[in-house]
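All remarks here apply to the structure that follows.
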Amino acid sequence: MNVSSLEITQATIELSIALAFIVSAFLLMSYSLKVRGIKLFIAMFFTISLMLISESVAYICRGNIDTVNIFFTRLSNFLVFFLNFFILSIFIRYLYCILGEYGVYPSKNYIKIVDIFFLLAVIILIVNLFTGWMYGFDDNDYYKRNYMWYVFSLFSFSFPICSTIIFISNKSKISKKIFWIFLIFIWSPYLLLFLQAFIYGYSILSIGIAIDSFFMFIFHLIKLKQTKFNDEEIDSFKSKRFQSIAVFFLMAVFITASITSCVFSINRVSKDNEKNNSKIIASMVCDRIENEFFKSITVSETMCQAYTMKEALYKSGEYGATSVESDMRKYLSSIKEGFGYQMVYAVSNKSMVYYNYNGIGRYIDKNNYGEDIWYKDFIESDKEYEINIDKDKDNGYLISYFVNSKVRDENGNLLGVCGVGVEMQHIKDLFLEYEEKYNVSIALTDENGLIKASSSIDKIEKEYIDSNYFANVDSNNYHLIESNNIFKLTRYLSDIDMYFVIDVLNVSSNIVIQIVLPSIIIFSVGLVLLAVFFVITYIDEKRAHETIIEKKKAALTDEMTGLFNRNAYTQDIVKYNNIDNYNNIHIIEFDLNGLKMINDTKGHTAGDEFIIGSAHCIMNVFQKYGKCYRTGGDEFIAIVKCSKEKFEECMITFKHLINNFKGNYINELSISFGIVHCYEHKDLSFVQMIKLADKLMYEEKDKYYKSNQ
């Protein structure tokens with residue numbers, strides 16, 4: 001993934017804003033479709049989101065020259081420029097809707113002017129696909145601005161100029177606050193466009209448009225908050241409440257799932273890229289290290305093939321060590337000075353003399369090699385050259401590596417050994433350079449895992465690394481093991497008979513965090529802010545709705561008894577009169593017996609107790625199955641829906657309550673009632689059934705008065 005930190009930051013910010021805009025747009029759709037101009041504003045939000053997503057894709061894909069990335073880079077750049085103008089086309093129409101709310105209706109010619117420049121801009125974009133006059137891409141797939149970009153950008157000024165003319169010409173018809181708010185909205189992105197002309201490669205204009213639109217969103221929320229809604233609209237909010245909650249959380253789940261998917265995808269791609277990058281780093285470092293050893297190997301091999309070396313070792317064995325000391329000193333000194341080695345040496349296999357650039361260094365004891373056991377081991381091996389890590393006793397016992405080569409005559413007989421020695425500090429510095437540059441750890445080991453070369457001298461010939469997997473390592477490819485965010489790559493270097501081991505830090509997880517975590521944080525903050533707004537709006541709407549409900553309830557409730565009043569009864573009769581199925585519906589009409597006499601003899605307080613007590617008996621029995629109304633001073637009606645058996649139980653309970661009533665002023669209730677089972681009178685309308693119940697109730701009332709004369 002060839003993405004710089006600045007590109008990651010740009011893409012992260014734009015993706016986060018796009019996600020927040022999508023959620024905001026859905027919330028506005030859920031709440032405010034009836035507000036004039038809101039559909040255009042929502043369309044603009046979605047368009048800005050698409051533009052930001054397209055620009056993010058452009059930043060992520062650019063700089064990669066494979067076919068897929070090239071395609072998406074070009075497509076996303078085209079969409080960004082196209083959508084910039086498309087947003088302007090939507091915005092000027094949105095402004096017309098806003099002005100219309102204030103009774104201002106400008107000429108539609110300004111819309112036509114903006115659309116004409118929009119068309120010209122699209123033509124430039126299409127022509128640019130074939131000419132590259134406006135923008136193009138270099139060999140590395142990076143965006144390059146050309147001269148027509150400035151012409152294209154100038155076309156966009158048609159929008160603020162037309163919009164400003166509209167507002168100035170209608171300034172007297174709108175408030176100063178609205179006038180200045182919209183002028184700031186209109187012109188602020190163009191200040192950034194001016195800056196964009198001097199900033200190359202990174203877009204501040206798109207983010208500016210997004211921020212500007214966000215403030216417009218806040219303006220809309222405030223405007224929506226101040227809007228006076230009628231009862232029907234407040235009721236509609238209640239029906240939309242569940243829809244709003246569902247949309248909000250569905251969007252949160254969807255975007256969370258998208259981000260999670262993005263994390264896994266980026267992690268997988270990044271890990272694959274990191275594996276490839278690790279192999280590239282390993283190959284580069286390994287080649288450099290091998291080259292350092294090859295230099296010494298080449299010099300040692302050249303020495304063993306040199307006629308001077310062969311002749312000197314032959315004479316040393318035949319004529320004595322001192323006979324060739326001067327020649328050997330000159331030859332070895334020339335090698336040391338020419339290549340800068342700390343040690344250049346040769347050993348005669350016959351005289352067992354160890355020569356260095358100073359002449360005869362010492363004699364090697366054939367019977368007891370001691371510190372020179374390396375010589376015995378080497379000449380007895382089948383190797384023609386080897387690399388030996390040891391202390392150089394001729395140079396202060398510094399840890400060094402020695403390249404030993406066998407010297408043979410023309411018949412293949414062993415004449416001796418020659419070689420060069422290099423202080424290990426040189427290899428240590430080389431290792432340290434790469435470790436700091438690429439954040440890796442490097443070591444050369446033998447087949448048992450014993451460290452032979454490292455950036456730490458203290459580890460050489462002392463510490464081991466795990467070599468259990470060495471059996472799976474060959475000289476052709478790198479054996480890769482991933483553990484704890486580390487890629488361990490190992491390769492057998494047959495030329496130097498060592499294992500090259502490099503630990504590369506897997507930074508793919510850091511890349512994922514760099515790309516995704518800022519988006520998650522910004523999106524989460526935006527989501528929390530939107531949730532807070534949603535909760536506040538929900539609470540306000542709930543309070544407003546509850547107030548309306550209370551007012552409606554008060555208007556339909558009898559204050560004295562708590563039953564529904566005559567207004568509620570009149571409204572409900574219309575509904576009942578329009579239904580077709582009256583199964584299990586019963587009508588009971590009530591009238592109090594002797595209310596006037598109680599008022600006259602015991603007072604109105606006792607009369608009120610008579611009314612309230614009767615109402616509570618009716619309510620306690622029938623309210624759970626339907627509605628109970630007080631339709632007059634001492635007249636009540638109940639309309640209930642239940643089975644005939646349940647109804648009969650209710651009547652028994654009702655009669656029990658009125659017969660056993662005990663109050664403060666009266667000790668008995670007397671109520672006449674008429675009952676109509678609606679399903680027994682399907683030939684009658686509901687109003688006619690009410691009249692029938694009323695008739696039956698009065699017949700009952702006549703019987704009461706006749707029996708009490």
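In the structure tokens, chains take the letters A, B, ... in the order shown, each chain's residues start at 1, and ligands count up from 1 in the order shown.
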
Please list as an MDAnalysis selection string every residue within 10 Å of Phe610 in chain A, counting only C-alpha atoms and excluding residues in the same chain fewer than 2 positions away. chainID A and resid 592:595 598:599 604:608 612:615 634 661 663 665:670

DSSP strand (DSSP E or B) residues within range 270-454 of chain A, listed as number ranges by chain: A: 343-348, 353-356, 359-363, 385-392, 398-408, 414-423, 440-445, 450-454

Residue neighbourhood range 369-375 of chain A, 9 Å, only C-alpha atoms, exclusion window fewer than 3 positions, as a VMD selection string: chain A and resid 347 364 to 366 378 to 380 388 404 417

Expected file: the selected residues, all heavy atoms, as a PDB file, in the first residue's frame:
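Wrote it out as result-v4.pdb, contents follow:
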```pdb
ATOM      1  N   VAL A 347      50.226 -19.414   5.154  1.00  0.00           N
ATOM      2  CA  VAL A 347      50.846 -20.477   5.953  1.00  0.00           C
ATOM      3  C   VAL A 347      51.404 -21.531   4.995  1.00  0.00           C
ATOM      4  O   VAL A 347      50.679 -22.013   4.109  1.00  0.00           O
ATOM      5  CB  VAL A 347      49.839 -21.129   6.915  1.00  0.00           C
ATOM      6  CG1 VAL A 347      50.522 -22.250   7.710  1.00  0.00           C
ATOM      7  CG2 VAL A 347      49.235 -20.090   7.853  1.00  0.00           C
ATOM      8  N   ILE A 364      53.704 -22.707  13.333  1.00  0.00           N
ATOM      9  CA  ILE A 364      52.588 -23.512  13.811  1.00  0.00           C
ATOM     10  C   ILE A 364      53.115 -24.884  14.190  1.00  0.00           C
ATOM     11  O   ILE A 364      53.786 -25.551  13.390  1.00  0.00           O
ATOM     12  CB  ILE A 364      51.496 -23.625  12.733  1.00  0.00           C
ATOM     13  CG1 ILE A 364      50.901 -22.232  12.457  1.00  0.00           C
ATOM     14  CG2 ILE A 364      50.396 -24.596  13.161  1.00  0.00           C
ATOM     15  CD1 ILE A 364      49.888 -22.214  11.328  1.00  0.00           C
ATOM     16  N   ASP A 365      52.838 -25.309  15.432  1.00  0.00           N
ATOM     17  CA  ASP A 365      53.305 -26.602  15.948  1.00  0.00           C
ATOM     18  C   ASP A 365      52.467 -27.711  15.329  1.00  0.00           C
ATOM     19  O   ASP A 365      51.253 -27.767  15.515  1.00  0.00           O
ATOM     20  CB  ASP A 365      53.183 -26.620  17.465  1.00  0.00           C
ATOM     21  CG  ASP A 365      53.793 -27.886  18.075  1.00  0.00           C
ATOM     22  OD1 ASP A 365      54.165 -28.791  17.312  1.00  0.00           O
ATOM     23  OD2 ASP A 365      53.849 -27.953  19.314  1.00  0.00           O
ATOM     24  N   LYS A 366      53.127 -28.613  14.587  1.00  0.00           N
ATOM     25  CA  LYS A 366      52.406 -29.694  13.911  1.00  0.00           C
ATOM     26  C   LYS A 366      51.766 -30.652  14.900  1.00  0.00           C
ATOM     27  O   LYS A 366      50.748 -31.271  14.599  1.00  0.00           O
ATOM     28  CB  LYS A 366      53.358 -30.482  13.005  1.00  0.00           C
ATOM     29  CG  LYS A 366      53.814 -29.723  11.788  1.00  0.00           C
ATOM     30  CD  LYS A 366      54.678 -30.625  10.901  1.00  0.00           C
ATOM     31  CE  LYS A 366      55.121 -29.898   9.646  1.00  0.00           C
ATOM     32  NZ  LYS A 366      55.926 -30.772   8.757  1.00  0.00           N
ATOM     33  N   PHE A 378      40.810 -26.935   8.865  1.00  0.00           N
ATOM     34  CA  PHE A 378      40.532 -26.487   7.499  1.00  0.00           C
ATOM     35  C   PHE A 378      41.183 -27.395   6.462  1.00  0.00           C
ATOM     36  O   PHE A 378      40.543 -27.811   5.487  1.00  0.00           O
ATOM     37  CB  PHE A 378      41.003 -25.037   7.332  1.00  0.00           C
ATOM     38  CG  PHE A 378      40.808 -24.500   5.938  1.00  0.00           C
ATOM     39  CD1 PHE A 378      39.586 -24.633   5.263  1.00  0.00           C
ATOM     40  CD2 PHE A 378      41.848 -23.867   5.272  1.00  0.00           C
ATOM     41  CE1 PHE A 378      39.423 -24.140   3.982  1.00  0.00           C
ATOM     42  CE2 PHE A 378      41.682 -23.379   3.981  1.00  0.00           C
ATOM     43  CZ  PHE A 378      40.464 -23.521   3.336  1.00  0.00           C
ATOM     44  N   ILE A 379      42.484 -27.731   6.647  1.00  0.00           N
ATOM     45  CA  ILE A 379      43.163 -28.531   5.621  1.00  0.00           C
ATOM     46  C   ILE A 379      42.626 -29.960   5.588  1.00  0.00           C
ATOM     47  O   ILE A 379      42.762 -30.668   4.584  1.00  0.00           O
ATOM     48  CB  ILE A 379      44.695 -28.537   5.818  1.00  0.00           C
ATOM     49  CG1 ILE A 379      45.060 -29.170   7.158  1.00  0.00           C
ATOM     50  CG2 ILE A 379      45.250 -27.123   5.682  1.00  0.00           C
ATOM     51  CD1 ILE A 379      46.577 -29.311   7.369  1.00  0.00           C
ATOM     52  N   GLU A 380      42.010 -30.387   6.689  1.00  0.00           N
ATOM     53  CA  GLU A 380      41.438 -31.727   6.698  1.00  0.00           C
ATOM     54  C   GLU A 380      40.020 -31.758   6.142  1.00  0.00           C
ATOM     55  O   GLU A 380      39.455 -32.832   5.936  1.00  0.00           O
ATOM     56  CB  GLU A 380      41.442 -32.282   8.132  1.00  0.00           C
ATOM     57  CG  GLU A 380      42.836 -32.601   8.644  1.00  0.00           C
ATOM     58  CD  GLU A 380      42.825 -33.093  10.069  1.00  0.00           C
ATOM     59  OE1 GLU A 380      41.707 -33.120  10.678  1.00  0.00           O
ATOM     60  OE2 GLU A 380      43.893 -33.462  10.596  1.00  0.00           O
ATOM     61  N   ASN A 388      36.065 -18.093   8.877  1.00  0.00           N
ATOM     62  CA  ASN A 388      36.270 -18.501  10.266  1.00  0.00           C
ATOM     63  C   ASN A 388      36.191 -17.268  11.167  1.00  0.00           C
ATOM     64  O   ASN A 388      36.850 -16.256  10.917  1.00  0.00           O
ATOM     65  CB  ASN A 388      37.643 -19.176  10.409  1.00  0.00           C
ATOM     66  CG  ASN A 388      37.873 -19.677  11.822  1.00  0.00           C
ATOM     67  OD1 ASN A 388      36.960 -20.188  12.475  1.00  0.00           O
ATOM     68  ND2 ASN A 388      39.107 -19.523  12.296  1.00  0.00           N
ATOM     69  N   ASN A 404      39.829 -18.042   4.679  1.00  0.00           N
ATOM     70  CA  ASN A 404      40.962 -18.927   4.410  1.00  0.00           C
ATOM     71  C   ASN A 404      40.763 -19.634   3.075  1.00  0.00           C
ATOM     72  O   ASN A 404      39.682 -20.149   2.800  1.00  0.00           O
ATOM     73  CB  ASN A 404      41.103 -19.975   5.515  1.00  0.00           C
ATOM     74  CG  ASN A 404      41.207 -19.333   6.899  1.00  0.00           C
ATOM     75  OD1 ASN A 404      41.943 -18.377   7.077  1.00  0.00           O
ATOM     76  ND2 ASN A 404      40.467 -19.882   7.871  1.00  0.00           N
ATOM     77  N   VAL A 417      48.025 -22.360   2.986  1.00  0.00           N
ATOM     78  CA  VAL A 417      46.765 -21.609   3.122  1.00  0.00           C
ATOM     79  C   VAL A 417      47.086 -20.125   3.136  1.00  0.00           C
ATOM     80  O   VAL A 417      48.093 -19.709   3.745  1.00  0.00           O
ATOM     81  CB  VAL A 417      46.030 -21.991   4.416  1.00  0.00           C
ATOM     82  CG1 VAL A 417      44.795 -21.114   4.616  1.00  0.00           C
ATOM     83  CG2 VAL A 417      45.639 -23.463   4.396  1.00  0.00           C
TER      84      VAL A 417
END
```

So what do you get for CA of Asn64 in chain A versus CA of Leu52 in chain A, distance-wise?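 If I compute the distance from CA of Asn64 in chain A to CA of Leu52 in chain A, I get 20.2 Å.
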
What does the structure give for the distance between CA of Glu292 in chain A and CA of Phe500 in chain A, in Å to one decimal?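 Calculated distance between CA of Glu292 in chain A and CA of Phe500 in chain A is 13.7 Å.
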
DSSP says alpha helix (DSSP H) for which residues of range 82-119 of chain A? Put them as a PyMOL selection string? chain A and resi 82-101+109-119

Go ahead and write the residues just picked, N, CA and C atoms, as an mmCIF file, in the first residue's frame.
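Resulting contents of out_34.cif:
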```cif
data_model
loop_
_atom_site.group_PDB
_atom_site.id
_atom_site.type_symbol
_atom_site.label_atom_id
_atom_site.label_comp_id
_atom_site.auth_asym_id
_atom_site.auth_seq_id
_atom_site.Cartn_x
_atom_site.Cartn_y
_atom_site.Cartn_z
ATOM 1 N N PHE A 82 -16.383 16.428 -11.195
ATOM 2 C CA PHE A 82 -17.777 16.467 -11.652
ATOM 3 C C PHE A 82 -18.720 16.801 -10.495
ATOM 4 N N LEU A 83 -18.525 16.145 -9.355
ATOM 5 C CA LEU A 83 -19.436 16.332 -8.216
ATOM 6 C C LEU A 83 -19.290 17.712 -7.592
ATOM 7 N N ASN A 84 -18.109 18.320 -7.716
ATOM 8 C CA ASN A 84 -17.952 19.687 -7.228
ATOM 9 C C ASN A 84 -18.955 20.617 -7.883
ATOM 10 N N PHE A 85 -19.095 20.496 -9.196
ATOM 11 C CA PHE A 85 -20.050 21.339 -9.918
ATOM 12 C C PHE A 85 -21.482 20.874 -9.703
ATOM 13 N N PHE A 86 -21.679 19.577 -9.564
ATOM 14 C CA PHE A 86 -23.026 19.057 -9.325
ATOM 15 C C PHE A 86 -23.569 19.586 -7.994
ATOM 16 N N ILE A 87 -22.685 19.697 -7.003
ATOM 17 C CA ILE A 87 -23.080 20.259 -5.703
ATOM 18 C C ILE A 87 -23.544 21.695 -5.870
ATOM 19 N N LEU A 88 -22.823 22.479 -6.690
ATOM 20 C CA LEU A 88 -23.223 23.875 -6.919
ATOM 21 C C LEU A 88 -24.594 23.956 -7.568
ATOM 22 N N SER A 89 -24.853 23.057 -8.509
ATOM 23 C CA SER A 89 -26.155 23.031 -9.180
ATOM 24 C C SER A 89 -27.276 22.737 -8.190
ATOM 25 N N ILE A 90 -27.021 21.826 -7.253
ATOM 26 C CA ILE A 90 -28.028 21.520 -6.228
ATOM 27 C C ILE A 90 -28.167 22.698 -5.262
ATOM 28 N N PHE A 91 -27.027 23.288 -4.896
ATOM 29 C CA PHE A 91 -27.030 24.324 -3.863
ATOM 30 C C PHE A 91 -27.827 25.547 -4.290
ATOM 31 N N ILE A 92 -27.682 25.977 -5.548
ATOM 32 C CA ILE A 92 -28.408 27.181 -5.950
ATOM 33 C C ILE A 92 -29.915 26.924 -5.964
ATOM 34 N N ARG A 93 -30.318 25.701 -6.282
ATOM 35 C CA ARG A 93 -31.747 25.362 -6.213
ATOM 36 C C ARG A 93 -32.227 25.324 -4.759
ATOM 37 N N TYR A 94 -31.335 24.860 -3.894
ATOM 38 C CA TYR A 94 -31.658 24.853 -2.461
ATOM 39 C C TYR A 94 -31.849 26.278 -1.943
ATOM 40 N N LEU A 95 -30.980 27.202 -2.385
ATOM 41 C CA LEU A 95 -31.112 28.597 -1.976
ATOM 42 C C LEU A 95 -32.451 29.179 -2.416
ATOM 43 N N TYR A 96 -32.896 28.824 -3.620
ATOM 44 C CA TYR A 96 -34.198 29.295 -4.108
ATOM 45 C C TYR A 96 -35.316 28.821 -3.169
ATOM 46 N N CYS A 97 -35.227 27.581 -2.699
ATOM 47 C CA CYS A 97 -36.245 27.064 -1.776
ATOM 48 C C CYS A 97 -36.220 27.822 -0.447
ATOM 49 N N ILE A 98 -34.992 28.092 0.065
ATOM 50 C CA ILE A 98 -34.873 28.830 1.322
ATOM 51 C C ILE A 98 -35.449 30.231 1.173
ATOM 52 N N LEU A 99 -35.101 30.910 0.072
ATOM 53 C CA LEU A 99 -35.625 32.263 -0.154
ATOM 54 C C LEU A 99 -37.137 32.241 -0.314
ATOM 55 N N GLY A 100 -37.651 31.159 -0.915
ATOM 56 C CA GLY A 100 -39.095 31.037 -1.078
ATOM 57 C C GLY A 100 -39.819 31.010 0.259
ATOM 58 N N GLU A 101 -39.167 30.484 1.291
ATOM 59 C CA GLU A 101 -39.778 30.468 2.622
ATOM 60 C C GLU A 101 -39.948 31.873 3.186
ATOM 61 N N ASN A 109 -33.301 32.717 -14.181
ATOM 62 C CA ASN A 109 -32.166 32.873 -15.099
ATOM 63 C C ASN A 109 -30.835 32.576 -14.415
ATOM 64 N N TYR A 110 -30.767 32.850 -13.104
ATOM 65 C CA TYR A 110 -29.513 32.597 -12.385
ATOM 66 C C TYR A 110 -29.215 31.101 -12.322
ATOM 67 N N ILE A 111 -30.259 30.296 -12.174
ATOM 68 C CA ILE A 111 -30.068 28.838 -12.205
ATOM 69 C C ILE A 111 -29.553 28.409 -13.568
ATOM 70 N N LYS A 112 -30.103 29.026 -14.617
ATOM 71 C CA LYS A 112 -29.674 28.672 -15.979
ATOM 72 C C LYS A 112 -28.206 29.029 -16.190
ATOM 73 N N ILE A 113 -27.772 30.172 -15.632
ATOM 74 C CA ILE A 113 -26.364 30.588 -15.786
ATOM 75 C C ILE A 113 -25.434 29.573 -15.130
ATOM 76 N N VAL A 114 -25.771 29.186 -13.898
ATOM 77 C CA VAL A 114 -24.945 28.195 -13.194
ATOM 78 C C VAL A 114 -24.928 26.874 -13.951
ATOM 79 N N ASP A 115 -26.072 26.476 -14.481
ATOM 80 C CA ASP A 115 -26.149 25.211 -15.229
ATOM 81 C C ASP A 115 -25.334 25.270 -16.519
ATOM 82 N N ILE A 116 -25.289 26.452 -17.152
ATOM 83 C CA ILE A 116 -24.483 26.599 -18.378
ATOM 84 C C ILE A 116 -23.004 26.398 -18.058
ATOM 85 N N PHE A 117 -22.530 27.027 -16.978
ATOM 86 C CA PHE A 117 -21.130 26.846 -16.589
ATOM 87 C C PHE A 117 -20.874 25.409 -16.135
ATOM 88 N N PHE A 118 -21.861 24.788 -15.530
ATOM 89 C CA PHE A 118 -21.759 23.374 -15.168
ATOM 90 C C PHE A 118 -21.546 22.532 -16.424
ATOM 91 N N LEU A 119 -22.328 22.810 -17.462
ATOM 92 C CA LEU A 119 -22.203 22.079 -18.728
ATOM 93 C C LEU A 119 -20.823 22.302 -19.340
#
```

Determine the nearest neighbour of Asn277 in chain A from the options A:Leu489, A:Ile690, A:Ala43, A:Ala121, counting only C-alpha atoms.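 Looking at the shortest contact to Asn277 in chain A, the residue is A:Leu489.
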
When you count only C-alpha atoms, which of these residues is closest to Asp694 in chain A: A:Tyr569, A:Phe78, A:Phe636, A:Tyr314?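 Under the stated criterion, the closest residue is A:Phe636.
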